[in-house]
file input_34.cif (mmCIF, C-alpha atoms)
data_final
loop_
_atom_site.group_PDB
_atom_site.id
_atom_site.type_symbol
_atom_site.label_atom_id
_atom_site.label_comp_id
_atom_site.auth_asym_id
_atom_site.auth_seq_id
_atom_site.Cartn_x
_atom_site.Cartn_y
_atom_site.Cartn_z
ATOM 1 C CA MET A 1 5.880 37.028 -4.666
ATOM 2 C CA LYS A 2 4.925 36.180 -1.099
ATOM 3 C CA ILE A 3 7.796 36.357 1.393
ATOM 4 C CA GLY A 4 8.028 35.433 5.059
ATOM 5 C CA ILE A 5 10.349 37.259 7.428
ATOM 6 C CA ALA A 6 11.321 36.637 11.036
ATOM 7 C CA THR A 7 13.931 37.681 13.551
ATOM 8 C CA ASP A 8 14.712 37.021 17.136
ATOM 9 C CA HIS A 9 14.663 39.871 19.648
ATOM 10 C CA ASN A 10 17.890 41.340 18.284
ATOM 11 C CA GLY A 11 16.763 42.387 14.821
ATOM 12 C CA VAL A 12 13.311 43.859 15.389
ATOM 13 C CA GLU A 13 14.069 47.367 14.114
ATOM 14 C CA GLU A 14 15.980 46.056 11.089
ATOM 15 C CA LYS A 15 13.086 43.712 10.293
ATOM 16 C CA LYS A 16 10.648 46.638 10.301
ATOM 17 C CA ILE A 17 12.853 48.610 7.908
ATOM 18 C CA LEU A 18 13.345 45.626 5.592
ATOM 19 C CA THR A 19 9.651 44.727 5.623
ATOM 20 C CA LYS A 20 8.777 48.254 4.531
ATOM 21 C CA TYR A 21 11.508 48.165 1.871
ATOM 22 C CA LEU A 22 10.289 44.855 0.454
ATOM 23 C CA SER A 23 6.701 46.097 0.398
ATOM 24 C CA GLU A 24 7.845 49.170 -1.527
ATOM 25 C CA LEU A 25 9.492 46.840 -4.058
ATOM 26 C CA GLY A 26 6.105 45.174 -4.562
ATOM 27 C CA TYR A 27 6.509 42.025 -2.483
ATOM 28 C CA GLU A 28 3.824 40.711 -0.149
ATOM 29 C CA VAL A 29 5.546 40.243 3.212
ATOM 30 C CA LYS A 30 4.291 38.196 6.153
ATOM 31 C CA ASP A 31 5.928 38.758 9.537
ATOM 32 C CA TYR A 32 6.423 35.519 11.473
ATOM 33 C CA SER A 33 7.912 37.204 14.538
ATOM 34 C CA VAL A 34 5.351 39.833 15.403
ATOM 35 C CA ASN A 35 5.731 39.474 19.166
ATOM 36 C CA ASN A 36 9.410 39.454 20.051
ATOM 37 C CA THR A 37 10.525 39.380 23.676
ATOM 38 C CA PRO A 38 13.985 39.672 25.245
ATOM 39 C CA ILE A 39 13.956 35.931 25.972
ATOM 40 C CA ASP A 40 12.646 34.548 22.673
ATOM 41 C CA ASP A 41 14.495 31.782 20.848
ATOM 42 C CA TYR A 42 15.513 31.970 17.184
ATOM 43 C CA PRO A 43 14.767 28.279 16.442
ATOM 44 C CA ASP A 44 11.054 28.949 16.994
ATOM 45 C CA PHE A 45 10.992 31.605 14.284
ATOM 46 C CA ALA A 46 13.180 29.655 11.868
ATOM 47 C CA ALA A 47 10.789 26.716 12.233
ATOM 48 C CA GLN A 48 7.719 28.849 11.521
ATOM 49 C CA VAL A 49 9.188 30.313 8.338
ATOM 50 C CA SER A 50 10.549 26.963 7.173
ATOM 51 C CA ARG A 51 7.174 25.261 7.640
ATOM 52 C CA ALA A 52 5.494 28.095 5.736
ATOM 53 C CA VAL A 53 7.875 27.574 2.787
ATOM 54 C CA ILE A 54 7.342 23.808 2.830
ATOM 55 C CA ASN A 55 3.545 24.256 2.980
ATOM 56 C CA ASN A 56 3.640 26.761 0.075
ATOM 57 C CA GLU A 57 2.212 29.557 2.216
ATOM 58 C CA ILE A 58 5.172 31.701 1.122
ATOM 59 C CA GLU A 59 7.677 31.394 -1.712
ATOM 60 C CA GLN A 60 10.788 32.669 0.064
ATOM 61 C CA GLY A 61 11.882 33.033 3.672
ATOM 62 C CA ILE A 62 14.121 35.642 5.267
ATOM 63 C CA LEU A 63 15.557 34.964 8.714
ATOM 64 C CA MET A 64 17.666 37.234 10.912
ATOM 65 C CA CYS A 65 19.473 36.829 14.190
ATOM 66 C CA GLY A 66 22.782 38.035 15.609
ATOM 67 C CA THR A 67 24.871 36.194 13.035
ATOM 68 C CA GLY A 68 22.329 34.366 10.880
ATOM 69 C CA ILE A 69 24.117 31.114 11.659
ATOM 70 C CA GLY A 70 21.664 29.743 14.220
ATOM 71 C CA MET A 71 18.709 30.528 11.993
ATOM 72 C CA SER A 72 20.414 28.815 9.051
ATOM 73 C CA ILE A 73 21.255 25.702 11.040
ATOM 74 C CA THR A 74 17.670 25.430 12.272
ATOM 75 C CA ALA A 75 16.060 26.045 8.885
ATOM 76 C CA ASN A 76 18.235 23.415 7.224
ATOM 77 C CA LYS A 77 16.865 20.768 9.589
ATOM 78 C CA PHE A 78 13.629 20.868 7.577
ATOM 79 C CA LYS A 79 13.356 18.560 4.585
ATOM 80 C CA GLY A 80 13.033 20.658 1.447
ATOM 81 C CA ILE A 81 14.593 23.799 2.867
ATOM 82 C CA ARG A 82 17.737 25.125 1.256
ATOM 83 C CA CYS A 83 18.769 27.947 3.556
ATOM 84 C CA ALA A 84 21.891 29.937 2.792
ATOM 85 C CA LYS A 85 23.615 32.151 5.342
ATOM 86 C CA ILE A 86 24.313 35.243 3.252
ATOM 87 C CA SER A 87 26.817 38.039 3.869
ATOM 88 C CA THR A 88 27.246 39.597 0.412
ATOM 89 C CA LYS A 89 25.327 40.462 -2.729
ATOM 90 C CA GLU A 90 27.413 37.905 -4.628
ATOM 91 C CA GLU A 91 26.488 35.138 -2.200
ATOM 92 C CA ALA A 92 22.821 36.098 -2.539
ATOM 93 C CA ILE A 93 22.988 35.773 -6.318
ATOM 94 C CA LEU A 94 24.807 32.433 -6.223
ATOM 95 C CA ALA A 95 22.488 31.029 -3.549
ATOM 96 C CA ARG A 96 19.607 31.496 -5.980
ATOM 97 C CA GLU A 97 21.348 30.764 -9.301
ATOM 98 C CA HIS A 98 23.187 27.615 -8.206
ATOM 99 C CA ASN A 99 21.410 26.322 -5.098
ATOM 100 C CA ASN A 100 17.828 27.477 -5.644
ATOM 101 C CA ALA A 101 17.814 28.641 -2.019
ATOM 102 C CA ASN A 102 14.304 29.137 -0.687
ATOM 103 C CA VAL A 103 15.346 30.698 2.628
ATOM 104 C CA ILE A 104 18.188 33.028 3.527
ATOM 105 C CA ALA A 105 19.659 33.844 6.907
ATOM 106 C CA LEU A 106 21.205 37.217 7.651
ATOM 107 C CA SER A 107 22.966 38.997 10.475
ATOM 108 C CA TYR A 108 20.946 41.954 11.667
ATOM 109 C CA LYS A 109 24.304 43.582 12.583
ATOM 110 C CA MET A 110 25.108 44.329 8.941
ATOM 111 C CA PRO A 111 24.502 47.876 7.709
ATOM 112 C CA ILE A 112 20.885 48.269 6.625
ATOM 113 C CA ASP A 113 21.863 49.351 3.107
ATOM 114 C CA GLU A 114 23.842 46.122 2.653
ATOM 115 C CA LEU A 115 20.898 44.077 3.900
ATOM 116 C CA LYS A 116 18.618 45.835 1.430
ATOM 117 C CA GLU A 117 21.034 45.182 -1.425
ATOM 118 C CA ILE A 118 21.330 41.503 -0.500
ATOM 119 C CA LEU A 119 17.553 41.123 -0.427
ATOM 120 C CA LYS A 120 17.090 42.961 -3.719
ATOM 121 C CA TYR A 121 19.539 40.710 -5.548
ATOM 122 C CA TYR A 122 18.429 37.528 -3.816
ATOM 123 C CA LEU A 123 14.787 38.058 -4.695
ATOM 124 C CA LYS A 124 15.305 39.174 -8.290
ATOM 125 C CA THR A 125 17.730 36.359 -9.149
ATOM 126 C CA GLU A 126 16.343 33.213 -10.774
ATOM 127 C CA TYR A 127 17.561 29.645 -10.446
ATOM 128 C CA THR A 128 19.560 28.795 -13.588
ATOM 129 C CA ASN A 129 18.310 25.202 -13.809
ATOM 130 C CA ASP A 130 21.648 24.214 -15.370
ATOM 131 C CA GLU A 131 22.204 20.460 -15.533
ATOM 132 C CA ARG A 132 25.081 20.552 -13.042
ATOM 133 C CA HIS A 133 22.992 22.449 -10.488
ATOM 134 C CA VAL A 134 20.006 20.148 -10.948
ATOM 135 C CA ARG A 135 22.305 17.144 -10.483
ATOM 136 C CA ARG A 136 23.760 18.590 -7.290
ATOM 137 C CA LEU A 137 20.379 19.513 -5.834
ATOM 138 C CA ASN A 138 19.140 15.994 -6.588
ATOM 139 C CA LYS A 139 22.112 14.641 -4.632
ATOM 140 C CA ILE A 140 21.160 16.868 -1.705
ATOM 141 C CA LYS A 141 17.594 15.492 -1.878
ATOM 142 C CA GLU A 142 18.963 11.925 -1.865
ATOM 143 C CA ILE A 143 21.027 12.687 1.230
ATOM 144 C CA GLU A 144 17.974 14.263 2.871
ATOM 145 C CA ASN A 145 15.914 11.153 2.173
ATOM 146 C CA GLN A 146 18.613 8.843 3.561
ATOM 147 C CA ASN A 147 18.626 10.688 6.860
ATOM 148 C CA VAL A 148 14.947 10.284 7.700
#

call {"tool": "encode", "arguments": {"input": "input_34.cif", "output": "structure tokens"}}
result
Amino acid sequence: MKIGIATDHNGVEEKKILTKYLSELGYEVKDYSVNNTPIDDYPDFAAQVSRAVINNEIEQGILMCGTGIGMSITANKFKGIRCAKISTKEEAILAREHNNANVIALSYKMPIDELKEILKYYLKTEYTNDERHVRRLNKIKEIENQNV
């Protein structure tokens, strides 16, 4: 699986650790925030990863900033992106099983072991494709199309 990852200036060290971890798990990881500066802006990185998902350059996106909230808000502005702001392993599983999330947003402030666990479960969990989840995702698509 090909994964994109990006962070603003706050999560650079965590991103390096997580990129190495994901590579060790066998994932191909592309860094979309190679050149961070103290004055960079998280929306720029969220946009790059979101466009890469939409254009099928990567299958999943991982975004990090101070809280993950700004990245999530930005990513969800893109038609076809289902970004979940994740804080627990359980949320990671449900984001995939129920919502077929294709991007997640994380707080770099979480302990690195928790971030690793979240990523492991998020990436290994499959969308259930249950009728109720398909119905709900179709409703989200309808709303997206109405707001063009």

call {"tool": "resolve_selection", "arguments": {"input": "input_34.cif", "expression": "the PyMOL selection byres ((chain A and resi 112) around 12)", "output": "ChimeraX atom specification"}}
result
/A:11,13-19,21,106-111,113-119

call {"tool": "closest_residue", "arguments": {"input": "input_34.cif", "among": "A:Ala105, A:Leu25, A:Ala95, A:Cys83", "to": "A:Met64", "atoms": "all atoms listed in the file"}}
result
A:Ala105

call {"tool": "residues_around", "arguments": {"input": "input_34.cif", "residues": "stretch 31-44 of chain A", "least_positions_apart": "2", "cutoff": "6 Å", "atoms": "all atoms listed in the file", "output": "list in words"}}
result
Gly4, Ile5, Ala6, Asp8, His9, Ala46, Ala47 and Thr74 of chain A

call {"tool": "write_last_selection", "arguments": {"input": "input_34.cif", "atoms": "C-alpha atoms", "output": "short mmCIF file (atom, residue, chain, number, x, y, z; two decimals), in the frame of the given file"}}
result
data_model
loop_
_atom_site.label_atom_id
_atom_site.label_comp_id
_atom_site.auth_asym_id
_atom_site.auth_seq_id
_atom_site.Cartn_x
_atom_site.Cartn_y
_atom_site.Cartn_z
CA GLY A 4 8.03 35.43 5.06
CA ILE A 5 10.35 37.26 7.43
CA ALA A 6 11.32 36.64 11.04
CA ASP A 8 14.71 37.02 17.14
CA HIS A 9 14.66 39.87 19.65
CA ALA A 46 13.18 29.66 11.87
CA ALA A 47 10.79 26.72 12.23
CA THR A 74 17.67 25.43 12.27
#

call {"tool": "residues_near_point", "arguments": {"input": "input_34.cif", "point": "(17.5, 23.0, 4.5)", "cutoff": "10 Å", "atoms": "all atoms listed in the file", "output": "list in words"}}
result
Ser50, Ser72, Ile73, Thr74, Ala75, Asn76, Lys77, Phe78, Lys79, Gly80, Ile81, Arg82, Cys83, Ala84, Ala101, Asn102, Val103, Ile140, Lys141 and Glu144 of chain A

call {"tool": "atom_distance", "arguments": {"input": "input_34.cif", "atom1": "atom CA of A:His98", "atom2": "atom CA of A:Glu142"}}
result
17.4 Å

call {"tool": "closest_residue", "arguments": {"input": "input_34.cif", "among": "A:Tyr127, A:Thr7, A:Phe45, A:Ile143", "to": "A:Cys65", "atoms": "all atoms listed in the file"}}
result
A:Thr7

call {"tool": "atom_distance", "arguments": {"input": "input_34.cif", "atom1": "atom CA of A:Ile86", "atom2": "atom CA of A:Asn100"}}
result
13.5 Å

call {"tool": "atom_distance", "arguments": {"input": "input_34.cif", "atom1": "atom CA of A:Lys139", "atom2": "atom CA of A:Ser87"}}
result
25.3 Å

call {"tool": "closest_residue", "arguments": {"input": "input_34.cif", "among": "A:Met71, A:Tyr121, A:Glu126, A:Asn55", "to": "A:Ile104", "atoms": "all atoms listed in the file"}}
result
A:Met71

call {"tool": "axis_aligned_box", "arguments": {"input": "input_34.cif", "around": "stretch 25-40 of chain A", "padding_each_side": "8 Å", "output": "AutoDock Vina command-line options"}}
result
--center_x 8.9 --center_y 40.7 --center_z 10.7 --size_x 26.2 --size_y 28.3 --size_z 46.5

call {"tool": "closest_residue", "arguments": {"input": "input_34.cif", "among": "A:Val29, A:Tyr122, A:Asn56, A:Val49", "to": "A:Lys85", "atoms": "only C-alpha atoms"}}
result
A:Tyr122

call {"tool": "residues_around", "arguments": {"input": "input_34.cif", "residues": "A:Met1", "least_positions_apart": "5", "cutoff": "7 Å", "atoms": "all atoms listed in the file", "output": "mmCIF file with C-alpha atoms, in the coordinates of the input"}}
result
data_model
loop_
_atom_site.group_PDB
_atom_site.id
_atom_site.type_symbol
_atom_site.label_atom_id
_atom_site.label_comp_id
_atom_site.auth_asym_id
_atom_site.auth_seq_id
_atom_site.Cartn_x
_atom_site.Cartn_y
_atom_site.Cartn_z
ATOM 1 C CA TYR A 27 6.509 42.025 -2.483
ATOM 2 C CA GLU A 28 3.824 40.711 -0.149
ATOM 3 C CA GLU A 59 7.677 31.394 -1.712
#

call {"tool": "closest_residue", "arguments": {"input": "input_34.cif", "among": "A:Thr88, A:Gln60, A:Asn138, A:Gln48", "to": "A:Lys2", "atoms": "all atoms listed in the file"}}
result
A:Gln60

call {"tool": "closest_residue", "arguments": {"input": "input_34.cif", "among": "A:Asn10, A:Asn145, A:Asn129, A:Glu24", "to": "A:Leu63", "atoms": "all atoms listed in the file"}}
result
A:Asn10
